[in-house]
Amino acid sequence: MLRTFCIGLTISLGLSGCAFNSVFVNYPSQIAPYKQQLNSDSPTAKITDLADNISGNDGLLYAQESGRIMQIAGDFTGSKTYYQQAIDDYQIFDDKAIVSASKLGAGASSILLNDNAIPYRGRGYERIMLHQYQAFNYLFSGDAQGALVEVRRSNELQSMEQARYQKSQKSVQDMANGTIDAQVAQLSKEAGNVTSSFLNAYSYYTTGLLHELASEPNDAFIDYRKAAQITPDNVYLQQDLVRLAKQLGMPQYDEFKRRWGEAVMPTPDQGQVVFIIERDFVPEKQSITVPFPLNGNIQSASLATYQPQRLLMNNSQIQGLGTPLTAQTIANIDALAINALKEDLPAALFRQAARIYAKYQMNRSVQSSSQRANNQIDAAAMVMQIFNVITEQADRRSWLTLPRQAQIARQFIDAGSYNVRLNSSQNVNIDVKPNRTTLIWAIETGNRTRFYSIII
C-alpha cells in the first residue's frame, strides 16, 4: 500500500509541476524577475519566457502580464496581441455552460493539492482594467474609435460584476473562525473607503475622457459623474462636471457652481493638457495559516491575504506649465484587489475546509492500511506529512504588473511647446495646440518613469 501510494504521489507531483505553474511555486516569486526588468533599459528582454506559459493553467494571467509589460515598454501592437488572448480566454470561460473534462480534472486536483490547481479565471477588477488598457493600446496607436469600443465594454463589465456579486454574495458566519474574522477586519481597514472591487473610477474617467474627445459631451458627463460618485473629492472631476454642465446648459450647473466654483473654459488660442499618472505596483498576496477544528484535532491550512501596506504616495507634482500642477488620486487599484480577495473569501474558505477533510480522510486511510501491514505506519505517516506540507500553498495569484494607484491632472494652457517634469523624473517635451488635447500617460515602475503622449 505504501509503495503504491508513494508512486501515485510522485506521479501526481511530477505531472502537476508541469501542468500547473503555480501549484508548488508561488506566483509572486515567478513574476518578480519581470517586474524588476521593468526598471531596466530592456523591459521586454525576458518576455518570451513569460509568454511561453500562456498555454498553461495560468495562461490568462500570463497573457495579462505579458500585455502589460509590452505596454509599459511602449510596444502597443505587441501588447494588443497579448491582451486579446486574455480577452479571448475570459470569453471562453464565459461560454462554458457545461463542466468539461479538464474542469473536472482541475477540481479533483484542487481538492488534494491547492487552489492553484484551478485554472486562473481572473478577477472582476482585472477584467475591467484589461479592457481599459486595451483601449489605451488603440488610442496610442491612433485608433480612437477602437479605444471607445473597449472602454464601453469596460463600463458594461462594471455593471455585470456588480450584479454577479450581489447574486453570489455569501457569508462566512457559518464557518466562524477567529483568524478569518481578524483578516476580514484587517482587509477592510486596508481598503479604506473603497467598498467593492468592481467600481473603478479610473475606468469611468477614461471612458468619459474618450467620449469628450470624440465630441460626445453628454456621454462624457455621465461617466465623469459615475467616477465622481466613487471618488467625490477629486477636484479635476468636479471641474469637468461644472464645465460640461455649463456647456450643455444643464439644470445641475447652478448647484455644481455653488459647490465647486465657476467653470473654467478655454480661450480660442488655448489647448488642454491631461495627465494620467500610474504609480508603483499593486501589492502581492501573502500566505497565512488558518486553524480548522476536525474531530477534536486542529488542522492547519493556508489562505491568501494582504499584509498592511505603507501609506499611499503623495500627489504627483507637475512642473513646467507655468503654475505648478498637483495631480490627484482617481483610483487606488490596491484597494480594488483587496476587496476582490474579501469577496472571494467565502468560496475559498469552503474549498479549504473540503480540502482539509479530504486530506484527513486520506491520512486515516493510509494509516489504517499501514497498520494492517504492521511495519509501515511510520513511513506512511511521514509520506503523508510531506505531501501535506508540499501541497499546502495559498493561492497568491493576481495581476501583479498593475499599478498601485492612478492619478489625474488637467489644465487649459496657451498653445506652444513645454518642458514638463513629473516629481523628480527627467524632463519631457510636449506640444499643445489650440482646441486640441495633449494626453500624457506617465507610468512609474520603481525608479523608472516612462512617458507616452498623443495630441487628439
# chains A, B, ... in the order shown; residues from 1 in each chain; ligands from 1
call {"tool": "residues_around", "arguments": {"residues": "Gly261 in chain A", "least_positions_apart": "2", "cutoff": "12 Å", "atoms": "only C-alpha atoms", "output": "list in words"}}
result
Val235, Tyr236, Gln238, Gln239, Asp240, Leu241, Val242, Arg243, Lys246, Tyr253, Asp254, Glu255, Phe256, Lys257, Arg258, Arg259, Ala263 and Val264 of chain A
call {"tool": "atom_distance", "arguments": {"atom1": "CA of Gln37 in chain A", "atom2": "CA of Glu278 in chain A"}}
result
17.4 Å
call {"tool": "atom_distance", "arguments": {"atom1": "CA of Ser197 in chain A", "atom2": "CA of Arg164 in chain A"}}
result
11.9 Å
call {"tool": "closest_residue", "arguments": {"among": "A:Ala201, A:Gln361, A:His211, A:Ala301", "to": "Arg225 in chain A", "atoms": "only C-alpha atoms"}}
result
A:Ala201
call {"tool": "closest_residue", "arguments": {"among": "A:Thr323, A:Asn339, A:Gln183, A:Gln134", "to": "Ala147 in chain A", "atoms": "only C-alpha atoms"}}
result
A:Gln134
call {"tool": "residues_around", "arguments": {"residues": "Arg404 in chain A", "least_positions_apart": "5", "cutoff": "9 Å", "atoms": "only C-alpha atoms", "output": "MDAnalysis selection string"}}
result
chainID A and resid 278:283 312 331:335
call {"tool": "write_last_selection", "arguments": {"atoms": "N, CA, C and O atoms", "output": "compact mmCIF listing (two decimals), in the first residue's frame"}}
result
# COMPACT_ATOMS: atom_id res chain seq x y z
N GLU A 278 0.37 56.73 -13.40
CA GLU A 278 0.28 55.45 -12.70
C GLU A 278 1.54 55.24 -11.88
O GLU A 278 2.66 55.42 -12.38
N ARG A 279 1.35 54.80 -10.63
CA ARG A 279 2.48 54.73 -9.72
C ARG A 279 2.58 53.37 -9.04
O ARG A 279 1.60 52.80 -8.59
N ASP A 280 3.82 52.85 -9.03
CA ASP A 280 4.15 51.65 -8.27
C ASP A 280 3.41 50.43 -8.81
O ASP A 280 2.85 50.45 -9.90
N PHE A 281 3.43 49.34 -8.04
CA PHE A 281 2.74 48.10 -8.39
C PHE A 281 1.74 47.73 -7.29
O PHE A 281 1.97 48.04 -6.11
N VAL A 282 0.68 47.04 -7.69
CA VAL A 282 -0.24 46.52 -6.68
C VAL A 282 0.53 45.58 -5.75
O VAL A 282 1.51 44.94 -6.16
N PRO A 283 0.12 45.45 -4.50
CA PRO A 283 0.83 44.57 -3.57
C PRO A 283 0.60 43.11 -3.91
O PRO A 283 -0.36 42.74 -4.60
N LEU A 312 -0.14 55.50 1.33
CA LEU A 312 -0.19 55.83 -0.08
C LEU A 312 0.71 57.01 -0.39
O LEU A 312 0.95 57.88 0.45
N ALA A 331 -8.01 56.61 -8.49
CA ALA A 331 -8.33 55.25 -8.04
C ALA A 331 -7.12 54.63 -7.35
O ALA A 331 -5.98 54.85 -7.77
N ASN A 332 -7.38 53.87 -6.31
CA ASN A 332 -6.37 53.04 -5.65
C ASN A 332 -6.62 51.59 -6.08
O ASN A 332 -7.55 50.94 -5.60
N ILE A 333 -5.83 51.12 -7.01
CA ILE A 333 -6.03 49.77 -7.55
C ILE A 333 -5.78 48.72 -6.47
O ILE A 333 -6.40 47.65 -6.48
N ASP A 334 -4.90 49.03 -5.52
CA ASP A 334 -4.65 48.07 -4.45
C ASP A 334 -5.91 47.83 -3.62
O ASP A 334 -6.19 46.70 -3.19
N ALA A 335 -6.72 48.88 -3.43
CA ALA A 335 -7.96 48.70 -2.68
C ALA A 335 -8.95 47.83 -3.45
O ALA A 335 -9.71 47.05 -2.84
call {"tool": "closest_residue", "arguments": {"among": "A:Gly142, A:Pro293, A:Pro251, A:Pro232", "to": "Ile455 in chain A", "atoms": "only C-alpha atoms"}}
result
A:Gly142
call {"tool": "residues_around", "arguments": {"residues": "Ser453 in chain A", "least_positions_apart": "4", "cutoff": "12 Å", "atoms": "only C-alpha atoms", "output": "JSON, numbers by chain"}}
result
{"A": [74, 136, 139, 140, 141, 142, 273, 274, 275, 276, 277, 420, 428, 429, 430, 431, 432, 437, 438, 439, 440, 441, 442, 443]}
call {"tool": "closest_residue", "arguments": {"among": "A:Tyr120, A:Pro268, A:Glu212, A:Ser316", "to": "Ala144 in chain A", "atoms": "only C-alpha atoms"}}
result
A:Glu212
call {"tool": "residues_around", "arguments": {"residues": "Ser300 in chain A", "least_positions_apart": "3", "cutoff": "8 Å", "atoms": "only C-alpha atoms", "output": "mmCIF file with N, CA, C and O atoms, in the first residue's frame"}}
result
data_model
loop_
_atom_site.group_PDB
_atom_site.id
_atom_site.type_symbol
_atom_site.label_atom_id
_atom_site.label_comp_id
_atom_site.auth_asym_id
_atom_site.auth_seq_id
_atom_site.Cartn_x
_atom_site.Cartn_y
_atom_site.Cartn_z
ATOM 1 N N THR A 289 -1.649 31.118 7.963
ATOM 2 C CA THR A 289 -2.087 29.802 8.421
ATOM 3 C C THR A 289 -3.392 29.944 9.182
ATOM 4 O O THR A 289 -3.511 30.771 10.094
ATOM 5 N N VAL A 290 -4.368 29.148 8.789
ATOM 6 C CA VAL A 290 -5.701 29.203 9.394
ATOM 7 C C VAL A 290 -5.982 27.868 10.066
ATOM 8 O O VAL A 290 -5.923 26.819 9.416
ATOM 9 N N PRO A 291 -6.278 27.860 11.361
ATOM 10 C CA PRO A 291 -6.593 26.602 12.052
ATOM 11 C C PRO A 291 -8.047 26.186 11.831
ATOM 12 O O PRO A 291 -8.954 27.016 11.856
ATOM 13 N N PHE A 292 -8.268 24.897 11.591
ATOM 14 C CA PHE A 292 -9.608 24.338 11.453
ATOM 15 C C PHE A 292 -9.760 23.181 12.427
ATOM 16 O O PHE A 292 -8.950 22.252 12.422
ATOM 17 N N ILE A 356 -9.151 20.115 3.585
ATOM 18 C CA ILE A 356 -8.650 19.601 4.860
ATOM 19 C C ILE A 356 -9.310 18.273 5.189
ATOM 20 O O ILE A 356 -8.652 17.311 5.615
#
call {"tool": "closest_residue", "arguments": {"among": "A:Val184, A:Leu341, A:Leu130, A:Ala394", "to": "Ser66 in chain A", "atoms": "only C-alpha atoms"}}
result
A:Leu130
call {"tool": "select_by_dssp", "arguments": {"residues": "range 207-430 of chain A", "states": "strand (DSSP E)", "output": "ChimeraX atom specification"}}
result
/A:270-279,286-294,297-305,317-319,325-326,328-332,405-414,416-422,427-430
call {"tool": "residues_around", "arguments": {"residues": "Leu187 in chain A", "least_positions_apart": "3", "cutoff": "12 Å", "atoms": "only C-alpha atoms", "output": "number ranges by chain"}}
result
A: 180-184, 190-196, 285, 304-309, 334-343, 345
call {"tool": "residues_around", "arguments": {"residues": "Thr449 in chain A", "least_positions_apart": "3", "cutoff": "9 Å", "atoms": "only C-alpha atoms", "output": "ChimeraX atom specification"}}
result
/A:39,279,422,425-426,442-446
call {"tool": "write_last_selection", "arguments": {"atoms": "N, CA, C and O atoms", "output": "PDB file, in the first residue's frame"}}
result
ATOM      1  N   ASN A  39      12.431  48.053 -14.558  1.00  0.00           N
ATOM      2  CA  ASN A  39      13.272  49.169 -14.135  1.00  0.00           C
ATOM      3  C   ASN A  39      14.544  49.279 -14.964  1.00  0.00           C
ATOM      4  O   ASN A  39      15.393  50.120 -14.689  1.00  0.00           O
ATOM      5  N   ARG A 279       1.350  54.804 -10.627  1.00  0.00           N
ATOM      6  CA  ARG A 279       2.479  54.734  -9.716  1.00  0.00           C
ATOM      7  C   ARG A 279       2.582  53.369  -9.043  1.00  0.00           C
ATOM      8  O   ARG A 279       1.596  52.798  -8.593  1.00  0.00           O
ATOM      9  N   LEU A 422       7.787  65.595 -14.041  1.00  0.00           N
ATOM     10  CA  LEU A 422       6.897  64.964 -13.070  1.00  0.00           C
ATOM     11  C   LEU A 422       7.719  64.516 -11.874  1.00  0.00           C
ATOM     12  O   LEU A 422       8.616  63.676 -12.008  1.00  0.00           O
ATOM     13  N   SER A 425      11.428  63.057 -11.919  1.00  0.00           N
ATOM     14  CA  SER A 425      11.794  62.373 -13.156  1.00  0.00           C
ATOM     15  C   SER A 425      12.475  63.327 -14.128  1.00  0.00           C
ATOM     16  O   SER A 425      12.590  64.533 -13.879  1.00  0.00           O
ATOM     17  N   GLN A 426      12.918  62.783 -15.243  1.00  0.00           N
ATOM     18  CA  GLN A 426      13.538  63.598 -16.285  1.00  0.00           C
ATOM     19  C   GLN A 426      12.496  64.484 -16.941  1.00  0.00           C
ATOM     20  O   GLN A 426      11.293  64.199 -16.901  1.00  0.00           O
ATOM     21  N   ALA A 442       1.912  58.787 -17.929  1.00  0.00           N
ATOM     22  CA  ALA A 442       3.172  58.555 -17.219  1.00  0.00           C
ATOM     23  C   ALA A 442       3.043  57.294 -16.377  1.00  0.00           C
ATOM     24  O   ALA A 442       2.104  57.166 -15.585  1.00  0.00           O
ATOM     25  N   ILE A 443       3.980  56.373 -16.537  1.00  0.00           N
ATOM     26  CA  ILE A 443       3.949  55.095 -15.828  1.00  0.00           C
ATOM     27  C   ILE A 443       5.224  54.971 -15.001  1.00  0.00           C
ATOM     28  O   ILE A 443       6.320  54.881 -15.555  1.00  0.00           O
ATOM     29  N   GLU A 444       5.062  54.979 -13.687  1.00  0.00           N
ATOM     30  CA  GLU A 444       6.196  54.846 -12.780  1.00  0.00           C
ATOM     31  C   GLU A 444       6.301  53.391 -12.319  1.00  0.00           C
ATOM     32  O   GLU A 444       5.337  52.822 -11.802  1.00  0.00           O
ATOM     33  N   THR A 445       7.470  52.806 -12.516  1.00  0.00           N
ATOM     34  CA  THR A 445       7.717  51.422 -12.076  1.00  0.00           C
ATOM     35  C   THR A 445       8.996  51.414 -11.253  1.00  0.00           C
ATOM     36  O   THR A 445      10.074  51.161 -11.762  1.00  0.00           O
ATOM     37  N   GLY A 446       8.862  51.720  -9.983  1.00  0.00           N
ATOM     38  CA  GLY A 446      10.053  51.782  -9.139  1.00  0.00           C
ATOM     39  C   GLY A 446      10.851  53.025  -9.433  1.00  0.00           C
ATOM     40  O   GLY A 446      10.368  54.156  -9.251  1.00  0.00           O
TER      41      GLY A 446
END
call {"tool": "closest_residue", "arguments": {"among": "A:Tyr125, A:Leu148, A:Ala185, A:Gln158", "to": "Leu213 in chain A", "atoms": "only C-alpha atoms"}}
result
A:Leu148
